[in-house]
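Data from input_7.cif: mmCIF, C-alpha atoms and all ligand atoms
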data_final
loop_
_atom_site.label_atom_id
_atom_site.label_comp_id
_atom_site.auth_asym_id
_atom_site.auth_seq_id
_atom_site.Cartn_x
_atom_site.Cartn_y
_atom_site.Cartn_z
CA MET A 3 25.75 73.93 -30.45
CA SER A 4 28.52 72.38 -32.54
CA SER A 5 31.90 71.31 -31.16
CA SER A 6 35.27 71.52 -32.82
CA PRO A 7 36.21 68.38 -34.83
CA ALA A 8 39.28 67.84 -32.61
CA THR A 9 37.24 67.53 -29.45
CA THR A 10 34.26 65.71 -30.96
CA SER A 11 36.61 62.98 -32.16
CA LEU A 12 37.60 62.43 -28.53
CA VAL A 13 34.32 60.73 -27.75
CA GLY A 14 35.02 57.19 -26.56
CA ARG A 15 38.69 57.94 -25.88
CA PRO A 16 40.27 57.71 -22.41
CA LEU A 17 40.94 60.88 -20.41
CA ALA A 18 44.66 60.17 -20.87
CA GLU A 19 44.25 61.13 -24.55
CA VAL A 20 42.66 64.52 -23.86
CA ASP A 21 45.12 67.33 -24.54
CA THR A 22 45.77 69.89 -21.81
CA PRO A 23 44.52 72.21 -20.55
CA ALA A 24 40.87 71.14 -20.75
CA LEU A 25 37.67 71.97 -18.89
CA CYS A 26 36.24 68.63 -17.82
CA LEU A 27 32.92 67.57 -16.41
CA ASP A 28 32.60 64.38 -14.39
CA LEU A 29 29.19 63.18 -15.49
CA ASP A 30 28.62 60.76 -12.59
CA ALA A 31 29.35 63.60 -10.15
CA LEU A 32 27.13 66.04 -12.06
CA GLU A 33 24.20 63.60 -12.10
CA ALA A 34 24.67 62.83 -8.40
CA ASN A 35 24.68 66.55 -7.57
CA ILE A 36 21.51 67.14 -9.59
CA ALA A 37 19.75 64.17 -7.95
CA ARG A 38 20.79 65.37 -4.51
CA MET A 39 19.41 68.85 -5.11
CA VAL A 40 16.14 67.54 -6.52
CA ALA A 41 15.73 65.35 -3.42
CA HIS A 42 16.67 68.24 -1.12
CA THR A 43 14.16 70.68 -2.61
CA ARG A 44 11.40 68.03 -2.71
CA ARG A 45 12.03 67.19 0.94
CA HIS A 46 11.43 70.83 1.81
CA GLY A 47 8.49 71.33 -0.53
CA VAL A 48 10.05 74.01 -2.73
CA ALA A 49 10.68 74.07 -6.46
CA TRP A 50 14.18 74.12 -7.97
CA ARG A 51 14.96 76.70 -10.62
CA PRO A 52 18.75 76.32 -10.94
CA HIS A 53 20.78 79.29 -12.07
CA ALA A 54 22.53 78.45 -15.34
CA LYS A 55 24.98 81.36 -15.30
CA ALA A 56 27.86 79.12 -14.18
CA HIS A 57 27.57 76.28 -16.67
CA LYS A 58 25.96 78.18 -19.59
CA CYS A 59 25.28 74.83 -21.19
CA PRO A 60 21.87 73.69 -22.54
CA GLN A 61 22.73 70.01 -22.14
CA ILE A 62 23.16 70.54 -18.40
CA ALA A 63 19.94 72.57 -18.11
CA LEU A 64 18.01 69.81 -19.90
CA LEU A 65 19.46 67.21 -17.52
CA GLU A 66 18.37 69.35 -14.55
CA ILE A 67 14.84 69.70 -15.91
CA LYS A 68 14.60 66.00 -16.74
CA ALA A 69 15.59 65.25 -13.13
CA GLY A 70 12.93 67.55 -11.68
CA ALA A 71 13.91 71.23 -11.96
CA ILE A 72 10.92 73.39 -12.96
CA GLY A 73 12.98 75.47 -15.37
CA ILE A 74 16.12 77.56 -15.06
CA THR A 75 17.35 80.97 -13.96
CA CYS A 76 19.53 83.12 -16.23
CA ALA A 77 21.35 86.37 -15.66
CA LYS A 78 20.99 87.76 -19.17
CA LEU A 79 18.46 87.91 -21.99
CA GLY A 80 21.13 86.54 -24.35
CA GLU A 81 21.57 83.48 -22.14
CA ALA A 82 17.82 82.95 -22.02
CA GLU A 83 17.67 83.05 -25.84
CA VAL A 84 20.21 80.23 -26.06
CA PHE A 85 18.43 78.03 -23.52
CA ALA A 86 15.02 78.71 -25.10
CA ALA A 87 16.36 77.71 -28.52
CA ALA A 88 17.46 74.43 -26.93
CA GLY A 89 13.93 73.77 -25.67
CA VAL A 90 13.81 75.27 -22.17
CA ARG A 91 10.47 77.09 -21.67
CA ASP A 92 10.31 78.26 -18.08
CA ILE A 93 13.18 80.74 -17.72
CA LEU A 94 13.58 83.35 -15.00
CA ILE A 95 15.84 86.17 -16.16
CA ALA A 96 16.81 87.38 -12.69
CA ASN A 97 17.54 90.84 -13.94
CA GLN A 98 16.02 94.04 -15.26
CA ILE A 99 15.64 94.18 -19.05
CA VAL A 100 15.97 97.70 -20.41
CA GLY A 101 15.90 99.42 -23.80
CA PRO A 102 14.08 99.08 -27.14
CA LEU A 103 16.56 96.63 -28.67
CA LYS A 104 16.07 94.22 -25.82
CA MET A 105 12.29 94.72 -25.85
CA THR A 106 12.19 93.46 -29.45
CA ARG A 107 14.27 90.42 -28.49
CA LEU A 108 12.16 89.77 -25.40
CA ARG A 109 9.01 89.71 -27.52
CA ALA A 110 10.66 87.22 -29.87
CA LEU A 111 11.76 85.12 -26.88
CA ARG A 112 8.17 85.09 -25.61
CA GLN A 113 7.14 83.36 -28.82
CA ILE A 114 9.27 80.30 -28.07
CA ALA A 115 9.37 80.31 -24.27
CA ASP A 116 7.59 81.58 -21.16
CA PRO A 117 10.22 83.83 -19.59
CA ILE A 118 9.92 85.83 -16.38
CA VAL A 119 11.72 89.15 -15.95
CA CYS A 120 12.36 91.24 -12.86
CA VAL A 121 11.40 94.84 -12.22
CA ASP A 122 12.22 97.18 -9.38
CA SER A 123 10.80 100.46 -10.67
CA LEU A 124 7.78 101.92 -12.43
CA GLU A 125 9.95 102.73 -15.48
CA HIS A 126 10.56 99.01 -16.03
CA VAL A 127 6.85 98.28 -15.83
CA ALA A 128 6.03 101.08 -18.28
CA GLU A 129 8.62 99.98 -20.84
CA LEU A 130 7.68 96.29 -20.62
CA SER A 131 4.00 97.10 -20.91
CA ARG A 132 4.59 99.26 -24.00
CA ALA A 133 6.45 96.35 -25.58
CA PHE A 134 3.89 93.69 -24.67
CA ALA A 135 0.60 95.63 -24.81
CA ASP A 136 -0.43 93.97 -28.09
CA ALA A 137 1.57 90.73 -27.68
CA PRO A 138 -0.41 87.50 -28.14
CA GLU A 139 0.72 86.19 -24.73
CA PRO A 140 1.46 88.23 -21.60
CA LEU A 141 4.92 88.48 -20.08
CA ARG A 142 5.43 87.20 -16.53
CA VAL A 143 7.03 89.72 -14.18
CA LEU A 144 8.55 89.39 -10.70
CA VAL A 145 9.10 92.33 -8.39
CA GLU A 146 12.72 92.18 -7.23
CA ILE A 147 13.14 93.13 -3.59
CA ASN A 148 16.39 94.23 -1.97
CA VAL A 149 16.92 91.80 0.92
CA GLY A 150 20.18 93.48 1.97
CA LEU A 151 22.52 92.70 -0.93
CA ASN A 152 22.08 96.33 -2.02
CA ARG A 153 22.25 95.51 -5.71
CA ALA A 154 19.03 95.91 -7.68
CA GLY A 155 15.68 95.54 -5.96
CA THR A 156 13.02 97.77 -4.51
CA THR A 157 12.54 98.35 -0.81
CA ALA A 158 10.30 95.72 0.77
CA GLY A 159 6.78 96.55 1.90
CA ALA A 160 4.63 99.34 0.46
CA PRO A 161 6.82 99.98 -2.66
CA VAL A 162 6.31 96.33 -3.63
CA VAL A 163 2.55 96.79 -3.47
CA ASP A 164 2.78 99.97 -5.57
CA LEU A 165 4.80 98.20 -8.24
CA ALA A 166 2.59 95.12 -8.16
CA ARG A 167 -0.56 97.26 -8.57
CA ARG A 168 0.99 98.91 -11.60
CA ILE A 169 1.94 95.53 -13.10
CA VAL A 170 -1.56 94.15 -12.52
CA GLY A 171 -3.01 97.24 -14.21
CA SER A 172 -0.64 97.11 -17.19
CA ARG A 173 -1.57 95.58 -20.51
CA GLY A 174 0.59 92.70 -21.64
CA LEU A 175 2.03 91.91 -18.20
CA ARG A 176 1.20 89.32 -15.57
CA LEU A 177 2.48 89.57 -12.01
CA ALA A 178 4.08 86.22 -11.19
CA GLY A 179 5.46 87.02 -7.75
CA ILE A 180 8.52 88.40 -5.99
CA MET A 181 12.20 87.59 -5.65
CA GLY A 182 15.22 88.53 -3.54
CA TYR A 183 18.79 87.23 -3.44
CA GLU A 184 20.70 86.89 -0.20
CA GLY A 185 24.13 86.92 -1.85
CA HIS A 186 25.68 89.09 0.87
CA LEU A 187 25.24 86.39 3.53
CA LEU A 188 26.98 83.40 1.99
CA ASN A 189 30.37 83.62 3.71
CA ILE A 190 29.25 83.75 7.35
CA PRO A 191 31.40 81.06 8.97
CA ASP A 192 29.17 80.24 11.95
CA ALA A 193 26.35 77.99 10.72
CA GLY A 194 23.86 79.14 13.36
CA GLU A 195 24.50 82.81 12.68
CA LYS A 196 24.27 82.24 8.93
CA LEU A 197 20.91 80.51 9.30
CA GLU A 198 19.54 83.29 11.48
CA ARG A 199 20.80 86.15 9.30
CA ILE A 200 19.47 84.60 6.08
CA ARG A 201 16.12 83.82 7.68
CA ASP A 202 15.90 87.41 8.95
CA ALA A 203 16.88 88.88 5.56
CA LEU A 204 14.41 86.74 3.62
CA ALA A 205 11.58 87.42 6.09
CA VAL A 206 10.77 90.54 4.04
CA LEU A 207 9.60 88.26 1.22
CA PRO A 208 6.62 86.65 3.02
CA GLU A 209 5.90 90.00 4.67
CA SER A 210 5.65 91.65 1.26
CA LYS A 211 3.58 88.76 -0.06
CA ALA A 212 1.16 89.19 2.85
CA LEU A 213 0.81 92.89 2.00
CA LEU A 214 0.09 91.99 -1.62
CA GLU A 215 -2.58 89.52 -0.58
CA GLN A 216 -4.13 92.11 1.74
CA ALA A 217 -4.34 94.35 -1.32
CA GLY A 218 -6.08 91.54 -3.20
CA ILE A 219 -3.06 90.73 -5.39
CA ALA A 220 -2.02 87.09 -5.82
CA CYS A 221 1.68 86.29 -5.45
CA GLU A 222 2.42 82.80 -6.68
CA ILE A 223 6.23 82.77 -6.82
CA VAL A 224 8.60 83.70 -3.99
CA SER A 225 12.05 83.08 -5.45
CA ALA A 226 15.43 83.34 -3.69
CA GLY A 227 18.56 81.40 -2.96
CA GLY A 228 21.95 80.39 -4.24
CA THR A 229 24.50 77.65 -3.77
CA GLY A 230 26.06 79.27 -0.71
CA SER A 231 22.68 79.19 1.05
CA TYR A 232 21.21 76.09 -0.58
CA GLU A 233 20.37 74.39 2.72
CA ILE A 234 18.82 77.47 4.30
CA THR A 235 16.67 79.13 1.62
CA PRO A 236 14.23 76.23 1.24
CA ILE A 237 13.44 76.27 4.97
CA CYS A 238 12.82 80.02 5.09
CA PRO A 239 9.10 80.72 5.53
CA GLY A 240 7.20 81.49 2.36
CA VAL A 241 9.93 80.69 -0.16
CA THR A 242 8.46 78.70 -3.06
CA GLU A 243 11.60 78.11 -5.13
CA THR A 244 15.38 78.26 -4.94
CA GLN A 245 17.73 79.45 -7.67
CA ALA A 246 20.82 77.59 -6.36
CA GLY A 247 22.65 76.42 -9.47
CA GLY A 248 26.42 76.41 -9.13
CA LEU A 249 26.29 73.44 -6.79
CA VAL A 250 25.85 71.05 -9.69
CA LEU A 251 29.45 71.87 -10.63
CA MET A 252 30.84 72.65 -7.14
CA ASP A 253 34.15 74.36 -6.54
CA ALA A 254 36.63 75.27 -3.82
CA TYR A 255 34.95 78.62 -3.07
CA TYR A 256 31.53 77.08 -2.37
CA LYS A 257 33.07 74.32 -0.28
CA HIS A 258 35.61 76.22 1.75
CA ARG A 259 34.27 79.80 1.87
CA CYS A 260 30.51 79.12 1.85
CA GLY A 261 30.62 75.86 3.86
CA VAL A 262 28.67 73.91 1.23
CA SER A 263 29.06 70.16 1.72
CA GLY A 264 27.57 67.02 0.23
CA PHE A 265 28.17 67.86 -3.44
CA GLU A 266 30.92 66.37 -5.57
CA HIS A 267 33.42 68.33 -7.61
CA ALA A 268 31.96 67.73 -11.07
CA LEU A 269 33.91 70.57 -12.69
CA LEU A 270 37.61 69.88 -13.11
CA VAL A 271 40.43 71.40 -15.11
CA LEU A 272 42.89 68.96 -16.62
CA ALA A 273 46.36 70.53 -16.65
CA GLY A 274 49.78 69.34 -17.76
CA VAL A 275 53.18 69.90 -16.14
CA VAL A 276 55.27 71.86 -18.63
CA SER A 277 58.29 72.85 -16.54
CA ARG A 278 60.14 71.69 -13.43
CA PRO A 279 62.40 74.68 -12.69
CA ALA A 280 63.30 73.62 -9.12
CA PRO A 281 62.86 70.51 -6.94
CA ASP A 282 60.04 72.15 -4.99
CA ARG A 283 58.40 73.92 -7.99
CA ALA A 284 56.51 72.84 -11.05
CA VAL A 285 54.68 74.83 -13.70
CA ILE A 286 51.41 73.75 -15.35
CA ASP A 287 49.76 74.98 -18.54
CA ALA A 288 46.68 76.30 -16.72
CA GLY A 289 46.91 79.92 -15.65
CA ARG A 290 44.39 82.69 -15.07
CA LYS A 291 43.06 82.36 -18.60
CA CYS A 292 42.09 78.78 -17.80
CA VAL A 293 41.13 78.52 -14.14
CA HIS A 294 39.88 81.11 -11.66
CA GLY A 295 41.77 81.45 -8.41
CA ASP A 296 40.91 84.82 -6.87
CA LEU A 297 38.09 83.82 -4.52
CA HIS A 298 39.86 80.61 -3.57
CA LYS A 299 42.98 78.84 -4.83
CA PRO A 300 42.36 75.93 -7.19
CA LEU A 301 42.94 72.58 -5.45
CA VAL A 302 44.79 69.60 -6.92
CA VAL A 303 42.62 66.49 -6.82
CA GLY A 304 44.00 63.85 -4.49
CA ARG A 305 47.24 65.75 -3.86
CA ASP A 306 47.43 67.52 -0.52
CA ASP A 307 51.17 67.71 -1.16
CA ILE A 308 50.79 70.05 -4.17
CA GLU A 309 49.70 73.67 -3.76
CA VAL A 310 48.72 76.01 -6.57
CA SER A 311 50.81 78.90 -5.30
CA ARG A 312 50.34 81.41 -8.13
CA LEU A 313 48.44 81.87 -11.37
CA THR A 314 49.77 84.13 -14.10
CA ALA A 315 48.12 84.52 -17.48
CA GLU A 316 49.12 81.20 -19.03
CA HIS A 317 51.00 79.46 -16.23
CA GLY A 318 50.12 77.92 -12.91
CA ASP A 319 52.93 77.68 -10.36
CA LEU A 320 52.88 74.70 -8.06
CA THR A 321 54.72 74.34 -4.77
CA LEU A 322 55.62 70.73 -4.09
CA ALA A 323 55.97 69.08 -0.69
CA GLN A 324 58.73 66.47 -0.35
CA SER A 325 56.37 63.64 -1.33
CA ALA A 326 55.46 65.36 -4.63
CA ARG A 327 58.95 65.99 -5.90
CA ASP A 328 58.83 63.09 -8.33
CA LEU A 329 56.36 65.11 -10.46
CA LYS A 330 57.67 65.15 -14.04
CA ILE A 331 57.29 67.24 -17.16
CA GLY A 332 54.35 65.71 -19.06
CA ASP A 333 52.52 64.56 -15.93
CA ARG A 334 48.89 65.57 -15.74
CA LEU A 335 46.84 66.81 -12.82
CA LEU A 336 43.15 67.50 -12.23
CA LEU A 337 42.32 70.80 -10.54
CA VAL A 338 39.18 71.82 -8.70
CA PRO A 339 38.64 75.45 -9.83
CA GLY A 340 38.64 78.18 -7.23
CA TYR A 341 35.33 79.50 -8.58
CA SER A 342 33.31 77.72 -11.26
CA ASP A 343 31.47 80.76 -12.72
CA PHE A 344 34.64 82.59 -13.61
CA THR A 345 36.36 79.41 -14.81
CA CYS A 346 33.64 78.24 -17.20
CA VAL A 347 33.53 81.57 -19.04
CA LEU A 348 37.14 81.02 -20.07
CA HIS A 349 36.30 77.89 -22.09
CA ASP A 350 34.40 76.94 -25.25
CA GLU A 351 33.39 73.45 -24.21
CA PHE A 352 33.17 70.81 -21.53
CA VAL A 353 34.93 67.52 -22.12
CA VAL A 354 32.37 65.24 -20.48
CA ILE A 355 33.94 62.26 -18.75
CA ARG A 356 32.38 59.16 -17.26
CA LYS A 357 34.60 56.64 -15.48
CA GLY A 358 37.71 57.95 -17.17
CA VAL A 359 36.30 57.90 -20.73
CA VAL A 360 35.08 60.85 -22.81
CA GLU A 361 31.33 60.47 -23.24
CA ALA A 362 30.55 63.75 -25.00
CA VAL A 363 31.75 67.26 -25.71
CA TRP A 364 29.26 69.95 -24.72
CA PRO A 365 29.66 73.56 -25.86
CA LEU A 366 29.07 76.36 -23.38
CA ALA A 367 26.59 77.75 -25.86
CA ALA A 368 25.52 80.69 -23.69
CA ARG A 369 29.07 81.80 -23.02
CA GLY A 370 29.67 85.38 -24.05
CA LYS A 371 25.93 86.13 -24.23
CA LEU A 372 26.26 89.20 -22.06
CA LYS A 373 23.61 91.36 -23.71
C1 LIG B 1 19.91 86.38 -8.73
C2 LIG B 1 20.84 85.29 -8.32
N1 LIG B 1 20.32 84.12 -7.93
C3 LIG B 1 21.08 83.10 -7.54
C4 LIG B 1 22.46 83.19 -7.55
C5 LIG B 1 23.28 82.04 -7.09
O1 LIG B 1 23.86 81.32 -8.11
P1 LIG B 1 24.75 80.07 -7.80
O2 LIG B 1 23.90 79.06 -7.15
O3 LIG B 1 25.25 79.62 -9.12
O4 LIG B 1 25.85 80.52 -6.88
C6 LIG B 1 23.05 84.41 -7.95
C7 LIG B 1 24.52 84.55 -7.94
O5 LIG B 1 25.10 85.56 -8.26
C8 LIG B 1 22.22 85.47 -8.34
O6 LIG B 1 22.73 86.66 -8.73
#

Could you render the structure as C-alpha cells?
Ligand SMILES: Cc1ncc(COP(=O)(O)O)c(C=O)c1O
Amino acid sequence: MSSSPATTSLVGRPLAEVDTPALCLDLDALEANIARMVAHTRRHGVAWRPHAKAHKCPQIALLEIKAGAIGITCAKLGEAEVFAAAGVRDILIANQIVGPLKMTRLRALRQIADPIVCVDSLEHVAELSRAFADAPEPLRVLVEINVGLNRAGTTAGAPVVDLARRIVGSRGLRLAGIMGYEGHLLNIPDAGEKLERIRDALAVLPESKALLEQAGIACEIVSAGGTGSYEITPICPGVTETQAGGLVLMDAYYKHRCGVSGFEHALLVLAGVVSRPAPDRAVIDAGRKCVHGDLHKPLVVGRDDIEVSRLTAEHGDLTLAQSARDLKIGDRLLLVPGYSDFTCVLHDEFVVIRKGVVEAVWPLAARGKLK
C-alpha cells in the first residue's frame, strides 16, 4: 500500500500545491457520507455491507467498518484478497468464483478472512465443495437470485431451494443466505414508480427465504441494494443488508440519473487549464484517461457557467459562458466525475484533502485486481 514519494511528500501541503490532474478525496465529505449511511441503515434496521468496487481502497473500507459497516462487498476475488490483507474479515464477493486456480486462492483467503461467495448453479456448489471439503473452516455461500437484472442469478423459488439443499448437504460449505441486485431499476425517474418496481422485484427474496424455511433451511442473510436504490432497499420486506457503496464518493450519475440526494461529492478531479484557444473555449488536462463522462458529463464545482463539452483521451474541452471568459491558462478547477467507478480505476491514488490541505495519500490498492 505504498505511495509514490512525490505524492507522499504532499502531506501537509495546500491543495494549491498539488499538481494536475489529480484524483482527490474530500475527507470531511467522505466521513459525512459514511455517517449518513450508517444512520440510514440503522434507522431501518438493516446492516450495511458497502460495495468497495468503486473506491478499491482499504483505508476507506476500514473507515466504513469503524463507523458501523459489518464488512464490505467486492466484485472480484483479487479485490477481496487486497482488503483481507488490510484486515477486513467479513467480505462478500458478489460473484461466482470458478476454476481451480481461483479455488486455491479462495482457500488461502479463507485462512485470513471469512469471505462469502455467490452461486447460481449446482456446478458452482460442486466445485466449491471439492475445494473446501477438507478445509479447516467452512466457506459461506449465498444463492444469487435473478431479480430482473438478467445477469447472473438463478430463478427465484424452487431452484433456490434445490441449490440451498445441495449447499447444506455439501462438505466444506455453509449456506449463509440469498442475494439479488436490482441494478436494472436505478434510473426510473418517477420516485413512486421506482419504489414500487424495486419493491416488486425484491419481493422474490423474502418469498424464496420463506420456501427455504418451509424446507427446514435457515436463511440468515438477504442481501441486495446499490447506491441508486439506497433509500428503497432497506425498506423492502425481508432485506437484512444493503450493498450500496458508491454513495460514499458520490458522482454526477448517481445524483442526476439515479436521483440520489443527501450525499456530498467526496470524489473530485483536480484539473488545470492548459489552453485557451477561443474566448468561449478552454482546454483542461483531464480527458477520458482521467475522468469518466459517458454516463453523465463531469460537472465543474461551483461553476454553472463552465460546461465540460467533450472529453478526448488526454484533453477536456470546456465551453465557457460570458461570465467564465476570464479563465486563464494555469487556472485550476475541481470536477465532479460523471461516474466514480470508471474514474477511480484510471488512477493510482487518492490525494486526501481536508479543509484545503493534503492529509494523506491513499493508494487504490485493489485497482487492477480483476481476477
Ligand atoms: C452486486 C452489486 N451490488 C451492489 C452494486 C452497487 O454498487 P454501488 O453502490 O457502488 O453503485 C452493484 C453495482 O454494480 C453490484 O453489481

Dump as a tab-separated table the rows for residues of range 31-114 of chain A within 9 Å of range 267-281 of chain A: closest atom pair and distance in Å with one decimal, all atoms listed in the file counted, ordered by chain and rising residue number.
residue	atom	partner	partner_atom	distance
A:Ala31	CA	A:Ala268	CA	5.0
A:Leu32	CA	A:Ala268	CA	5.2
A:Glu33	CA	A:Ala268	CA	8.9
A:Asn35	CA	A:Ala268	CA	8.2

For this session: Would you list the residues that come within 8 Å of ligand LIG 1 (chain B)? Count all atoms listed in the file and give the answer as a list in words.
Result: Pro52, His53, Ala54, Lys55, Ala56, Thr75, Ala77, Ala96, Asn97, Gly182, Tyr183, Gly185, Ala226, Gly227, Gly228, Thr229, Gly230, Tyr232, Thr244, Gln245, Ala246, Gly247, Gly248, Leu249 and Asp343 of chain A

Which residues of range 235-326 of chain A have any atom within 7 Å of an atom in range 212-225 of chain A when counting only C-alpha atoms, and what is the closest pair of atoms for each, with the distance in Å to one decimal? Order the rows by chain and rising number and write it as a tab-separated table.
residue	atom	partner	partner_atom	distance
A:Gly240	CA	A:Val224	CA	6.9
A:Val241	CA	A:Val224	CA	5.0
A:Thr242	CA	A:Val224	CA	5.1
A:Glu243	CA	A:Ser225	CA	5.0
A:Thr244	CA	A:Ser225	CA	5.9

Problem set entry | Selected residue, from A:Ala203, A:Leu320, A:Ile180, A:Ile169, that lies nearest to Asn152 in chain A when counting all atoms listed in the file |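 Distance minimum relative to Asn152 in chain A lands on A:Ala203.
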
Exercise. Quick one, how far is CA of Val303 in chain A from CA of Lys196 in chain A?
Worked result: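 About the pair CA of Val303 in chain A and CA of Lys196 in chain A: they are 28.9 Å apart.
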
At a cut-off of 6 Å, can you tabulate as a Markdown table every residue of range 304-357 of chain A near range 15-28 of chain A together with its closest atom pair and the distance in Å to one decimal, using only C-alpha atoms and ordering rows by chain then number?
| residue | atom | partner | partner_atom | distance |
| --- | --- | --- | --- | --- |
| A:Phe352 | CA | A:Cys26 | CA | 5.3 |
| A:Val353 | CA | A:Cys26 | CA | 4.6 |
| A:Val354 | CA | A:Leu27 | CA | 4.7 |
| A:Ile355 | CA | A:Asp28 | CA | 5.0 |
| A:Arg356 | CA | A:Asp28 | CA | 6.0 |

Work out where the centre of an axis-aligned box around every listed atom of range 370-373 of chain A lies and how long its edges are once 5 Å is added on each side; give both in Å to one decimal as lines of an AutoDock Vina configuration file.
center_x = 26.6
center_y = 88.4
center_z = -23.1
size_x = 16.1
size_y = 16.0
size_z = 12.2

Exercise. Looking at only C-alpha atoms, which of A:Leu188, A:Leu151, A:Leu103, A:Ile67 is the one that sits closest to His258 in chain A?
Worked result: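 Nearest to His258 in chain A: A:Leu188.
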
Problem set entry | CA of Val163 in chain A to CA of His186 in chain A, distance in Å rounded to a single decimal |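 If I compute the distance from CA of Val163 in chain A to CA of His186 in chain A, I get 24.8 Å.
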
Exercise. Can you find the residues with an atom no farther than 8 Å from (9.4, 91.7, -2.0), counting all atoms listed in the file, and report them as a list in words?
Worked result: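 Looking at atoms near the point gives Val145, Glu146, Ile147, Asn148, Thr156, Thr157, Ala158, Gly159, Val162, Ile180, Met181, Gly182, Val206, Leu207, Pro208, Glu209, Ser210 and Lys211 of chain A.
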
For this session: Might you pull out every residue within 12 Å of Glu198 in chain A, with only C-alpha atoms counted and same-chain residues fewer than 5 positions away left off, and present them as a PyMOL selection string?
Result: chain A and resi 187+190+192-193+203-205+231+234-235+237-238

Problem set entry | Protein and nucleic acid residues near (33.8, 77.4, -0.3) (cut-off 10 Å, only C-alpha atoms) as a PyMOL selection string | chain A and resi 188-189+229-230+252-263+297-298+340-341

For this session: For range 82-91 of chain A, work out the shell of residues within 12 Å, counting only C-alpha atoms and skipping chain neighbours fewer than 6 positions away, then give it as a ChimeraX atom specification.
Result: /A:3,51,53-55,57-68,71-76,97,99,104,107-119,365-373

Seminar exercise, completed: Closest of A:Met105, A:Leu301, A:Val121, A:Val285 to Ile331 in chain A, counting all atoms listed in the file, is A:Val285

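Using all atoms listed in the file, the smallest distance between any of A:Asp287, A:Glu81, A:Glu184, A:Glu233 and Arg45 in chain A comes from A:Glu233.
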
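Among the candidates A:Asp307, A:Asp350, A:Asp164, A:Asp136, the one nearest to Ser123 in chain A when counting only C-alpha atoms is A:Asp164.
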
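What separates CA of Arg312 in chain A from CA of Ser325 in chain A is a distance of 20.0 Å.
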
Problem set entry | Shortest interatomic distance to Asp333 in chain A - which of A:Val360, A:Leu79, A:Val347, A:Ile286, counting all atoms listed in the file | A:Ile286
